[in-house]
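Data file: data04.pdb. Format and content: PDB, C-alpha atoms.
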```
ATOM      1  CA  PRO X  23      54.228 -55.003  88.091
ATOM      2  CA  ASP X  24      54.461 -52.406  90.829
ATOM      3  CA  PRO X  25      51.202 -52.578  92.856
ATOM      4  CA  LEU X  26      51.401 -48.801  93.237
ATOM      5  CA  HIS X  27      51.599 -48.180  89.503
ATOM      6  CA  PRO X  28      48.811 -45.727  88.468
ATOM      7  CA  ALA X  29      47.354 -48.312  86.125
ATOM      8  CA  LEU X  30      46.852 -50.709  89.042
ATOM      9  CA  LEU X  31      45.560 -48.324  91.673
ATOM     10  CA  GLY X  32      41.925 -48.860  92.473
ATOM     11  CA  LYS X  33      41.974 -52.303  90.846
ATOM     12  CA  HIS X  34      42.723 -54.400  93.935
ATOM     13  CA  CYS X  35      39.131 -55.391  94.640
ATOM     14  CA  LYS X  36      37.920 -58.876  94.053
ATOM     15  CA  LYS X  37      36.810 -59.440  90.479
ATOM     16  CA  GLY X  38      38.808 -56.370  89.430
ATOM     17  CA  GLY X  39      41.403 -57.057  86.706
ATOM     18  CA  LYS X  40      44.994 -55.870  86.988
ATOM     19  CA  MET X  41      46.059 -53.457  84.270
ATOM     20  CA  VAL X  42      49.449 -52.366  82.952
ATOM     21  CA  PRO X  43      50.094 -49.853  80.164
ATOM     22  CA  THR X  44      51.589 -50.646  76.796
ATOM     23  CA  PRO X  45      52.942 -47.990  74.390
ATOM     24  CA  LYS X  46      50.542 -48.775  71.567
ATOM     25  CA  THR X  47      47.342 -50.173  72.953
ATOM     26  CA  GLY X  48      47.200 -48.638  76.419
ATOM     27  CA  PRO X  49      46.230 -50.621  79.543
ATOM     28  CA  GLN X  50      45.992 -54.355  79.011
ATOM     29  CA  PRO X  51      44.935 -57.078  81.470
ATOM     30  CA  VAL X  52      47.749 -59.257  82.810
ATOM     31  CA  GLU X  53      47.955 -62.048  85.313
ATOM     32  CA  VAL X  54      49.327 -60.875  88.643
ATOM     33  CA  SER X  55      49.783 -63.304  91.498
ATOM     34  CA  THR X  56      48.262 -62.491  94.846
ATOM     35  CA  LYS X  57      51.689 -62.644  96.493
ATOM     36  CA  GLU X  58      53.084 -60.194  93.965
ATOM     37  CA  SER X  59      50.188 -57.778  94.285
ATOM     38  CA  LEU X  60      50.577 -57.765  98.057
ATOM     39  CA  SER X  61      54.303 -57.086  98.061
ATOM     40  CA  SER X  62      53.761 -53.724  99.690
ATOM     41  CA  LYS X  63      51.874 -53.590 102.990
ATOM     42  CA  LYS X  64      50.703 -50.138 102.047
ATOM     43  CA  ALA X  65      49.610 -51.033  98.535
ATOM     44  CA  TYR X  66      46.086 -50.001  99.427
ATOM     45  CA  GLN X  67      47.146 -46.439 100.148
ATOM     46  CA  LEU X  68      48.359 -43.870  97.649
ATOM     47  CA  LYS X  69      50.859 -41.357  98.970
ATOM     48  CA  ARG X  70      48.830 -38.216  99.492
ATOM     49  CA  LYS X  71      50.793 -35.683  97.472
ATOM     50  CA  SER X  72      47.737 -33.626  96.580
ATOM     51  CA  LYS X  73      47.038 -32.500 100.153
ATOM     52  CA  LYS X  74      47.417 -28.731 100.200
ATOM     53  CA  GLY X  75      46.816 -25.917 102.620
ATOM     54  CA  GLY X  76      48.653 -27.223 105.675
ATOM     55  CA  MET X  77      48.147 -25.476 108.994
ATOM     56  CA  MET X  78      47.159 -22.199 107.352
ATOM     57  CA  GLN X  79      43.883 -23.638 106.038
ATOM     58  CA  TRP X  80      42.863 -24.458 109.609
ATOM     59  CA  VAL X  81      43.904 -21.033 110.858
ATOM     60  CA  ASN X  82      41.753 -19.429 108.161
ATOM     61  CA  LEU X  83      38.849 -21.774 108.881
ATOM     62  CA  ILE X  84      38.925 -21.147 112.633
ATOM     63  CA  SER X  85      39.128 -17.400 112.020
ATOM     64  CA  ILE X  86      35.986 -17.586 109.881
ATOM     65  CA  GLU X  87      34.212 -19.641 112.538
ATOM     66  CA  ILE X  88      35.140 -17.175 115.290
ATOM     67  CA  GLY X  89      33.856 -14.322 113.166
ATOM     68  CA  LEU X  90      30.632 -16.202 112.475
ATOM     69  CA  VAL X  91      30.128 -16.956 116.176
ATOM     70  CA  TYR X  92      30.638 -13.283 117.065
ATOM     71  CA  PHE X  93      28.136 -12.163 114.416
ATOM     72  CA  LEU X  94      25.503 -14.710 115.463
ATOM     73  CA  TYR X  95      25.988 -13.937 119.152
ATOM     74  CA  GLN X  96      25.424 -10.237 118.506
ATOM     75  CA  ARG X  97      22.309 -11.140 116.517
ATOM     76  CA  MET X  98      20.931 -13.230 119.389
ATOM     77  CA  GLU X  99      21.643 -10.448 121.882
ATOM     78  CA  SER X 100      20.221  -7.612 119.788
ATOM     79  CA  GLN X 101      17.013  -9.531 119.031
ATOM     80  CA  GLN X 102      16.826 -10.898 122.579
ATOM     81  CA  ILE X 103      16.559 -14.477 121.321
ATOM     82  CA  PRO X 104      17.023 -16.965 124.176
ATOM     83  CA  PHE X 105      19.728 -19.571 123.729
ATOM     84  CA  PRO X 106      18.451 -23.156 123.454
ATOM     85  CA  ASP X 107      19.232 -25.913 125.916
ATOM     86  CA  TRP X 108      22.704 -27.277 125.153
ATOM     87  CA  TRP X 109      21.535 -30.706 126.348
ATOM     88  CA  GLY X 110      19.873 -31.395 123.011
ATOM     89  CA  LEU X 111      23.189 -30.807 121.243
ATOM     90  CA  TRP X 112      25.020 -33.127 123.624
ATOM     91  CA  LEU X 113      22.421 -35.862 123.196
ATOM     92  CA  GLY X 114      23.068 -35.870 119.443
ATOM     93  CA  ILE X 115      26.857 -35.953 119.777
ATOM     94  CA  ARG X 116      26.633 -38.586 122.506
ATOM     95  CA  GLY X 117      24.533 -40.799 120.239
ATOM     96  CA  VAL X 118      27.250 -40.726 117.569
ATOM     97  CA  LEU X 119      29.888 -41.656 120.170
ATOM     98  CA  TYR X 120      27.806 -44.572 121.451
ATOM     99  CA  GLY X 121      27.363 -45.721 117.868
ATOM    100  CA  HIS X 122      31.124 -45.569 117.365
ATOM    101  CA  VAL X 123      31.645 -47.912 120.314
ATOM    102  CA  VAL X 124      29.264 -50.431 118.762
ATOM    103  CA  VAL X 125      30.823 -50.187 115.281
ATOM    104  CA  PHE X 126      34.422 -50.381 116.534
ATOM    105  CA  THR X 127      33.610 -53.396 118.713
ATOM    106  CA  TYR X 128      31.851 -55.141 115.826
ATOM    107  CA  HIS X 129      34.736 -54.452 113.450
ATOM    108  CA  PHE X 130      37.408 -55.413 115.985
ATOM    109  CA  ILE X 131      35.806 -58.812 116.573
ATOM    110  CA  ARG X 132      35.478 -59.470 112.838
ATOM    111  CA  LYS X 133      39.015 -58.391 112.013
ATOM    112  CA  SER X 134      40.849 -59.842 115.015
ATOM    113  CA  TYR X 135      38.965 -63.095 115.597
ATOM    114  CA  LEU X 136      36.765 -63.891 112.607
ATOM    115  CA  HIS X 137      39.092 -62.487 109.924
ATOM    116  CA  GLY X 138      36.120 -61.418 107.845
ATOM    117  CA  THR X 139      34.857 -65.028 107.627
ATOM    118  CA  GLY X 140      35.445 -65.060 103.871
ATOM    119  CA  SER X 141      33.798 -61.696 103.279
ATOM    120  CA  ASN X 142      36.899 -59.625 102.622
ATOM    121  CA  ILE X 143      36.091 -57.361  99.683
ATOM    122  CA  GLN X 144      39.687 -56.685  98.675
ATOM    123  CA  GLN X 145      42.355 -59.143  97.627
ATOM    124  CA  SER X 146      44.694 -57.444 100.072
ATOM    125  CA  GLU X 147      43.218 -57.043 103.529
ATOM    126  CA  PRO X 148      44.512 -53.689 104.818
ATOM    127  CA  ASN X 149      46.562 -54.042 107.973
ATOM    128  CA  PHE X 150      46.604 -51.190 110.445
ATOM    129  CA  SER X 151      47.358 -50.397 114.046
ATOM    130  CA  TRP X 152      44.170 -50.105 116.073
ATOM    131  CA  SER X 153      45.743 -47.736 118.574
ATOM    132  CA  GLN X 154      47.069 -45.415 115.880
ATOM    133  CA  GLU X 155      43.819 -45.415 113.914
ATOM    134  CA  LEU X 156      41.680 -44.811 117.018
ATOM    135  CA  ILE X 157      43.870 -41.912 118.084
ATOM    136  CA  GLY X 158      43.853 -40.542 114.544
ATOM    137  CA  HIS X 159      40.078 -40.822 114.332
ATOM    138  CA  ALA X 160      39.575 -39.196 117.734
ATOM    139  CA  THR X 161      41.843 -36.294 116.834
ATOM    140  CA  ARG X 162      40.787 -35.827 113.216
ATOM    141  CA  ALA X 163      40.889 -32.129 112.382
ATOM    142  CA  GLU X 164      37.784 -32.316 110.186
ATOM    143  CA  ALA X 165      35.756 -33.441 113.215
ATOM    144  CA  PHE X 166      37.007 -30.895 115.741
ATOM    145  CA  PHE X 167      37.325 -27.890 113.460
ATOM    146  CA  MET X 168      34.413 -28.525 111.100
ATOM    147  CA  LEU X 169      31.721 -31.013 112.105
ATOM    148  CA  VAL X 170      31.528 -30.226 115.833
ATOM    149  CA  PRO X 171      31.546 -26.443 115.174
ATOM    150  CA  TYR X 172      28.843 -26.907 112.537
ATOM    151  CA  LEU X 173      26.603 -28.844 114.921
ATOM    152  CA  SER X 174      27.276 -26.420 117.766
ATOM    153  CA  ILE X 175      26.747 -23.230 115.763
ATOM    154  CA  THR X 176      23.575 -24.371 114.006
ATOM    155  CA  TRP X 177      22.099 -25.610 117.298
ATOM    156  CA  LEU X 178      23.137 -22.962 119.817
ATOM    157  CA  PHE X 179      22.407 -19.992 117.553
ATOM    158  CA  LYS X 180      19.020 -21.392 116.530
ATOM    159  CA  LEU X 181      19.727 -21.806 112.838
ATOM    160  CA  MET X 182      17.498 -24.882 112.812
ATOM    161  CA  PRO X 183      13.683 -24.881 112.509
ATOM    162  CA  GLU X 184      11.890 -24.638 115.836
ATOM    163  CA  SER X 185      10.739 -28.273 115.738
ATOM    164  CA  TYR X 186      14.348 -29.463 116.098
ATOM    165  CA  TYR X 187      14.471 -28.045 119.634
ATOM    166  CA  ASP X 188      11.609 -30.247 120.830
ATOM    167  CA  LEU X 189      13.327 -32.695 123.173
ATOM    168  CA  GLU X 190      10.136 -34.450 124.222
ATOM    169  CA  ALA X 191       8.719 -35.714 120.925
ATOM    170  CA  PRO X 192       9.399 -39.445 120.332
ATOM    171  CA  VAL X 193      11.575 -40.577 117.453
ATOM    172  CA  SER X 194       9.798 -41.154 114.134
ATOM    173  CA  VAL X 195      11.184 -43.885 111.880
ATOM    174  CA  LEU X 196       9.625 -42.126 108.896
ATOM    175  CA  ASN X 197      11.372 -38.854 109.718
ATOM    176  CA  VAL X 198      14.717 -40.626 110.088
ATOM    177  CA  PHE X 199      14.186 -42.297 106.700
ATOM    178  CA  LEU X 200      13.203 -38.993 105.048
ATOM    179  CA  GLN X 201      16.407 -37.381 106.288
ATOM    180  CA  PHE X 202      18.408 -40.248 104.808
ATOM    181  CA  ALA X 203      16.565 -40.007 101.497
ATOM    182  CA  VAL X 204      16.990 -36.253 101.097
ATOM    183  CA  TYR X 205      20.589 -36.287 102.314
ATOM    184  CA  ASP X 206      21.507 -39.126  99.979
ATOM    185  CA  LEU X 207      19.967 -37.398  96.967
ATOM    186  CA  ILE X 208      21.891 -34.208  97.688
ATOM    187  CA  THR X 209      25.210 -36.000  98.235
ATOM    188  CA  TYR X 210      24.607 -38.064  95.091
ATOM    189  CA  ILE X 211      24.279 -34.898  92.991
ATOM    190  CA  ILE X 212      27.370 -33.299  94.540
ATOM    191  CA  HIS X 213      29.399 -36.506  94.337
ATOM    192  CA  ARG X 214      28.408 -36.965  90.713
ATOM    193  CA  VAL X 215      29.552 -33.439  89.869
ATOM    194  CA  GLN X 216      32.834 -34.045  91.703
ATOM    195  CA  HIS X 217      33.579 -37.035  89.505
ATOM    196  CA  GLN X 218      32.450 -35.452  86.259
ATOM    197  CA  VAL X 219      34.045 -31.996  86.542
ATOM    198  CA  GLU X 220      37.823 -31.913  86.787
ATOM    199  CA  THR X 221      38.057 -28.650  88.715
ATOM    200  CA  VAL X 222      35.522 -29.864  91.285
ATOM    201  CA  TYR X 223      37.142 -33.298  91.541
ATOM    202  CA  ARG X 224      40.199 -31.630  93.066
ATOM    203  CA  THR X 225      38.147 -31.207  96.234
ATOM    204  CA  HIS X 226      37.509 -34.974  96.365
ATOM    205  CA  LYS X 227      40.726 -36.587  95.170
ATOM    206  CA  ASP X 228      42.327 -36.743  98.637
ATOM    207  CA  HIS X 229      39.547 -39.080  99.733
ATOM    208  CA  HIS X 230      40.419 -41.392  96.830
ATOM    209  CA  ALA X 231      44.041 -41.496  97.958
ATOM    210  CA  TYR X 232      42.876 -44.551  99.902
ATOM    211  CA  ILE X 233      42.349 -46.847  96.940
ATOM    212  CA  ASN X 234      41.259 -49.833  99.035
ATOM    213  CA  PRO X 235      39.887 -48.109 102.117
ATOM    214  CA  HIS X 236      39.329 -49.586 105.539
ATOM    215  CA  LEU X 237      36.915 -48.528 108.246
ATOM    216  CA  PHE X 238      38.931 -45.564 109.504
ATOM    217  CA  ASN X 239      39.431 -44.033 106.042
ATOM    218  CA  ALA X 240      35.764 -43.062 105.703
ATOM    219  CA  TYR X 241      36.244 -39.477 106.841
ATOM    220  CA  SER X 242      39.689 -38.973 105.355
ATOM    221  CA  GLY X 243      39.437 -36.172 102.868
ATOM    222  CA  SER X 244      39.986 -32.437 102.775
ATOM    223  CA  VAL X 245      38.388 -29.247 104.060
ATOM    224  CA  GLN X 246      36.658 -28.735 100.729
ATOM    225  CA  ASP X 247      35.421 -32.322 100.493
ATOM    226  CA  THR X 248      34.056 -32.292 104.045
ATOM    227  CA  THR X 249      32.252 -29.052 103.277
ATOM    228  CA  LEU X 250      30.756 -30.253 100.000
ATOM    229  CA  LEU X 251      29.834 -33.822 100.936
ATOM    230  CA  ILE X 252      28.939 -33.490 104.624
ATOM    231  CA  LEU X 253      28.226 -29.982 105.899
ATOM    232  CA  ILE X 254      26.325 -28.524 102.941
ATOM    233  CA  PRO X 255      24.118 -31.637 102.459
ATOM    234  CA  LEU X 256      23.372 -31.710 106.196
ATOM    235  CA  TYR X 257      22.049 -28.171 106.249
ATOM    236  CA  LEU X 258      20.272 -28.458 102.904
ATOM    237  CA  THR X 259      18.483 -31.528 104.260
ATOM    238  CA  VAL X 260      17.250 -29.414 107.171
ATOM    239  CA  LEU X 261      16.014 -26.666 104.846
ATOM    240  CA  VAL X 262      14.373 -28.971 102.283
ATOM    241  CA  LEU X 263      12.376 -30.938 104.836
ATOM    242  CA  HIS X 264      11.313 -27.724 106.553
ATOM    243  CA  LEU X 265      10.162 -26.214 103.254
ATOM    244  CA  VAL X 266       7.987 -29.232 102.435
ATOM    245  CA  GLY X 267       6.411 -29.112 105.882
ATOM    246  CA  VAL X 268       8.104 -32.068 107.580
ATOM    247  CA  ASP X 269       8.686 -31.357 111.271
ATOM    248  CA  ILE X 270      11.917 -33.019 112.366
ATOM    249  CA  HIS X 271      12.432 -33.233 116.114
ATOM    250  CA  GLN X 272      15.587 -33.578 118.187
ATOM    251  CA  LYS X 273      15.375 -37.363 118.530
ATOM    252  CA  ASP X 274      14.757 -37.741 114.778
ATOM    253  CA  TYR X 275      17.822 -35.624 114.070
ATOM    254  CA  ALA X 276      19.963 -37.448 116.648
ATOM    255  CA  TRP X 277      19.040 -40.917 115.351
ATOM    256  CA  PHE X 278      19.693 -39.876 111.775
ATOM    257  CA  GLY X 279      23.099 -38.451 112.721
ATOM    258  CA  CYS X 280      24.056 -41.513 114.742
ATOM    259  CA  THR X 281      22.994 -43.966 112.025
ATOM    260  CA  TYR X 282      24.507 -41.998 109.162
ATOM    261  CA  ALA X 283      27.863 -41.272 110.841
ATOM    262  CA  ASN X 284      28.431 -44.901 111.755
ATOM    263  CA  TYR X 285      27.049 -46.628 108.678
ATOM    264  CA  PHE X 286      29.199 -44.311 106.556
ATOM    265  CA  MET X 287      32.202 -45.960 108.191
ATOM    266  CA  LEU X 288      30.863 -49.472 107.605
ATOM    267  CA  ILE X 289      30.398 -48.921 103.864
ATOM    268  CA  HIS X 290      34.086 -47.977 103.662
ATOM    269  CA  SER X 291      35.229 -51.039 105.616
ATOM    270  CA  GLU X 292      37.192 -53.892 104.085
ATOM    271  CA  TYR X 293      34.485 -56.465 104.815
ATOM    272  CA  SER X 294      31.030 -57.054 103.461
ATOM    273  CA  ASN X 295      28.282 -57.208 106.070
ATOM    274  CA  PRO X 296      25.452 -59.732 106.479
ATOM    275  CA  TRP X 297      22.870 -57.090 105.559
ATOM    276  CA  ASP X 298      24.660 -55.768 102.451
ATOM    277  CA  GLY X 299      22.481 -57.810 100.111
ATOM    278  CA  ILE X 300      19.396 -55.921 101.254
ATOM    279  CA  PHE X 301      20.956 -52.536 100.553
ATOM    280  CA  GLU X 302      22.421 -53.654  97.230
ATOM    281  CA  ALA X 303      18.942 -54.734  96.152
ATOM    282  CA  ILE X 304      17.727 -51.145  96.554
ATOM    283  CA  GLY X 305      20.775 -49.569  94.969
ATOM    284  CA  ASN X 306      23.815 -49.466  97.247
ATOM    285  CA  ASN X 307      26.884 -50.340  95.204
ATOM    286  CA  ARG X 308      29.597 -52.372  96.930
ATOM    287  CA  LYS X 309      32.233 -50.738  94.733
ATOM    288  CA  TRP X 310      32.093 -47.834  97.172
ATOM    289  CA  ARG X 311      34.595 -49.949  99.146
ATOM    290  CA  CYS X 312      37.181 -49.782  96.322
ATOM    291  CA  HIS X 313      38.332 -46.294  95.436
ATOM    292  CA  SER X 314      39.899 -45.435  92.110
ATOM    293  CA  ILE X 315      42.358 -42.609  91.551
ATOM    294  CA  PHE X 316      40.688 -41.879  88.214
ATOM    295  CA  ARG X 317      38.121 -39.093  88.141
ATOM    296  CA  SER X 318      35.782 -40.984  85.788
ATOM    297  CA  ALA X 319      35.458 -43.901  88.213
ATOM    298  CA  ASP X 320      32.363 -43.348  90.324
ATOM    299  CA  SER X 321      31.411 -45.163  93.493
ATOM    300  CA  ALA X 322      28.043 -45.481  95.103
ATOM    301  CA  HIS X 323      26.530 -43.714  98.053
ATOM    302  CA  TYR X 324      23.694 -45.376  99.961
ATOM    303  CA  THR X 325      20.992 -45.830  97.320
ATOM    304  CA  CYS X 326      21.135 -43.282  94.515
ATOM    305  CA  GLU X 327      24.123 -44.566  92.544
ATOM    306  CA  LYS X 328      23.069 -48.098  91.704
ATOM    307  CA  TYR X 329      24.186 -47.721  88.111
ATOM    308  CA  ALA X 330      27.602 -46.202  88.890
ATOM    309  CA  GLU X 331      30.380 -48.538  87.839
ATOM    310  CA  THR X 332      34.151 -48.356  88.183
ATOM    311  CA  LYS X 333      35.469 -47.630  84.711
TER     312      LYS X 333
END
```
Rewrite the structure of this file - the entire thing - as structure tokens.
Amino acid sequence: PDPLHPALLGKHCKKGGKMVPTPKTGPQPVEVSTKESLSSKKAYQLKRKSKKGGMMQWVNLISIEIGLVYFLYQRMESQQIPFPDWWGLWLGIRGVLYGHVVVFTYHFIRKSYLHGTGSNIQQSEPNFSWSQELIGHATRAEAFFMLVPYLSITWLFKLMPESYYDLEAPVSVLNVFLQFAVYDLITYIIHRVQHQVETVYRTHKDHHAYINPHLFNAYSGSVQDTTLLILIPLYLTVLVLHLVGVDIHQKDYAWFGCTYANYFMLIHSEYSNPWDGIFEAIGNNRKWRCHSIFRSADSAHYTCEKYAETK
């Protein structure tokens, strides 16, 4: 069978059966040798035909961002609101970059020298060029045109609660955990809707083009998916915690961002990690590492989707 056949996509994970369709009874399990299933080096990646918008979507997005910046700048000037110290913004972004160095080094050693040490989640270990993936990750449009502008606009134009601009308060482990908990609940709800509602799933299907994702596929998606699963939950987390009276400070926010951004990559990697058993015990589903092209097949976030199974 063709490893890229729709009936096989998303079924390359260990313990996942191979399926082929029959005219009368539909998909049936068949024996497929490992050599046969790995005949294509790119069997883990579905050709991304659903990507739409092209360059024009970025032109429109940047135009909206420029308009928003102009409006917020005029607001700050008319109300004589002082601009916050940009150093707090840089500290947060710098923390994510430092975390990337740690994660990439850890993954490089495992992949290049330890070869997963028997912890490869997929039958086919995705092969990729480190130089190409690093360049692609560093130049990803979603980061430069969406995430960095979001962080910059919300910080510099004081769209965050006043406590966030406190650069002196020490980091609170509890506050970091609360941000994770609220963020995960919000993304769980949105992710669940994406998989249950066909029209909404269209915003998420590009992310599932990578049926057996590796580390660098974590943030591969679309403008709509990045907005729904990253930007909106980030800001809602800020608002929810503020409404319930939790004062999050700059270091709390920076540590949450650093930990989230980098662990999100690890849960998409092709290897299990020594600490995975702890997270699975509280609800993290390892099937997050194996994407399905079928809308009804859900995968877990950090903790909220313990019961989600690939169907």
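With CA of Val222 (chain X) on one side and CA of Leu173 (chain X) on the other, the separation reads 25.3 Å.
Closest to His226 (chain X) among X:Asn239, X:Thr161, X:Thr209, X:Gln246 is X:Gln246, based on all atoms listed in the file.
Between Leu256 (chain X) and the residues X:Ala283, X:Leu111, X:Ala163, X:Leu237, the shortest atom-to-atom distance, using all atoms listed in the file, involves X:Ala283.
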Counting only C-alpha atoms, which residues of region 178-266 of chain X sit at most 8 Å from some atom of region 104-108 of chain X, and what is each one's closest atom pair with its distance in Å to one decimal, listed by chain and rising residue number, as CSV?
```
residue,atom,partner,partner_atom,distance
X:Leu178,CA,X:Pro106,CA,5.9
X:Phe179,CA,X:Phe105,CA,6.7
X:Lys180,CA,X:Pro106,CA,7.2
X:Tyr187,CA,X:Pro106,CA,7.4
```
For the residues in the current selection, export C-alpha atoms as a tab-separated table (two decimals), in the frame of the given file.
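Contents of selection.tsv, freshly written:
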```
chain	number	residue	atom	x	y	z
X	178	LEU	CA	23.14	-22.96	119.82
X	179	PHE	CA	22.41	-19.99	117.55
X	180	LYS	CA	19.02	-21.39	116.53
X	187	TYR	CA	14.47	-28.04	119.63
```
Practice item. Please identify all polymer residues within 12 Å of Gly158 (chain X), counting all atoms listed in the file, omitting same-chain residues fewer than 6 positions from it, and present them as a ChimeraX atom specification. Key: /X:150-152,164-166,238-239,241-242
Would you output that residue set with C-alpha atoms, as a PDB file, keeping the file's coordinate frame?
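Saved to again_20.pdb:
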```pdb
ATOM      1  CA  PHE X 150      46.604 -51.190 110.445  1.00  0.00           C
ATOM      2  CA  SER X 151      47.358 -50.397 114.046  1.00  0.00           C
ATOM      3  CA  TRP X 152      44.170 -50.105 116.073  1.00  0.00           C
ATOM      4  CA  GLU X 164      37.784 -32.316 110.186  1.00  0.00           C
ATOM      5  CA  ALA X 165      35.756 -33.441 113.215  1.00  0.00           C
ATOM      6  CA  PHE X 166      37.007 -30.895 115.741  1.00  0.00           C
ATOM      7  CA  PHE X 238      38.931 -45.564 109.504  1.00  0.00           C
ATOM      8  CA  ASN X 239      39.431 -44.033 106.042  1.00  0.00           C
ATOM      9  CA  TYR X 241      36.244 -39.477 106.841  1.00  0.00           C
ATOM     10  CA  SER X 242      39.689 -38.973 105.355  1.00  0.00           C
TER      11      SER X 242
END
```
Can you pull out the residues contacting Asp188 (chain X)? Cut-off 9 Å, using only C-alpha atoms, and skip same-chain residues under 2 positions away; I want them as a short mmCIF file (atom, residue, chain, number, x, y, z; two decimals) with C-alpha atoms, in the frame of the given file.
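So around-v7.cif came out as:
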```cif
data_model
loop_
_atom_site.label_atom_id
_atom_site.label_comp_id
_atom_site.auth_asym_id
_atom_site.auth_seq_id
_atom_site.Cartn_x
_atom_site.Cartn_y
_atom_site.Cartn_z
CA GLY X 110 19.87 -31.40 123.01
CA GLU X 184 11.89 -24.64 115.84
CA SER X 185 10.74 -28.27 115.74
CA TYR X 186 14.35 -29.46 116.10
CA GLU X 190 10.14 -34.45 124.22
CA ALA X 191 8.72 -35.71 120.92
CA ILE X 270 11.92 -33.02 112.37
CA HIS X 271 12.43 -33.23 116.11
CA GLN X 272 15.59 -33.58 118.19
CA LYS X 273 15.38 -37.36 118.53
#
```
Practice item. Tell me which protein, DNA and RNA residues are within 8 Å of Gly114 (chain X), counting all atoms listed in the file, leaving out same-chain ones fewer than 5 positions away, and put them as a PyMOL selection string. Key: chain X and resi 272-273+275-277+279-280
Revision key, fill the gap. Between CA of Leu253 (chain X) and CA of Asp269 (chain X) lies a distance of 20.3 Å
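Atom pair CA of Val170 (chain X) / CA of Thr281 (chain X) has a distance of 16.6 Å (rounded to one decimal).
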Review point. Near Phe126 (chain X), counting only C-alpha atoms, which residues have an atom at most 12 Å away, once you skip same-chain residues fewer than 4 positions from it, shown as a PyMOL selection string?
Key: chain X and resi 119-122+130-134+152-153+155-156+159+237-238+284-285+287-288+291
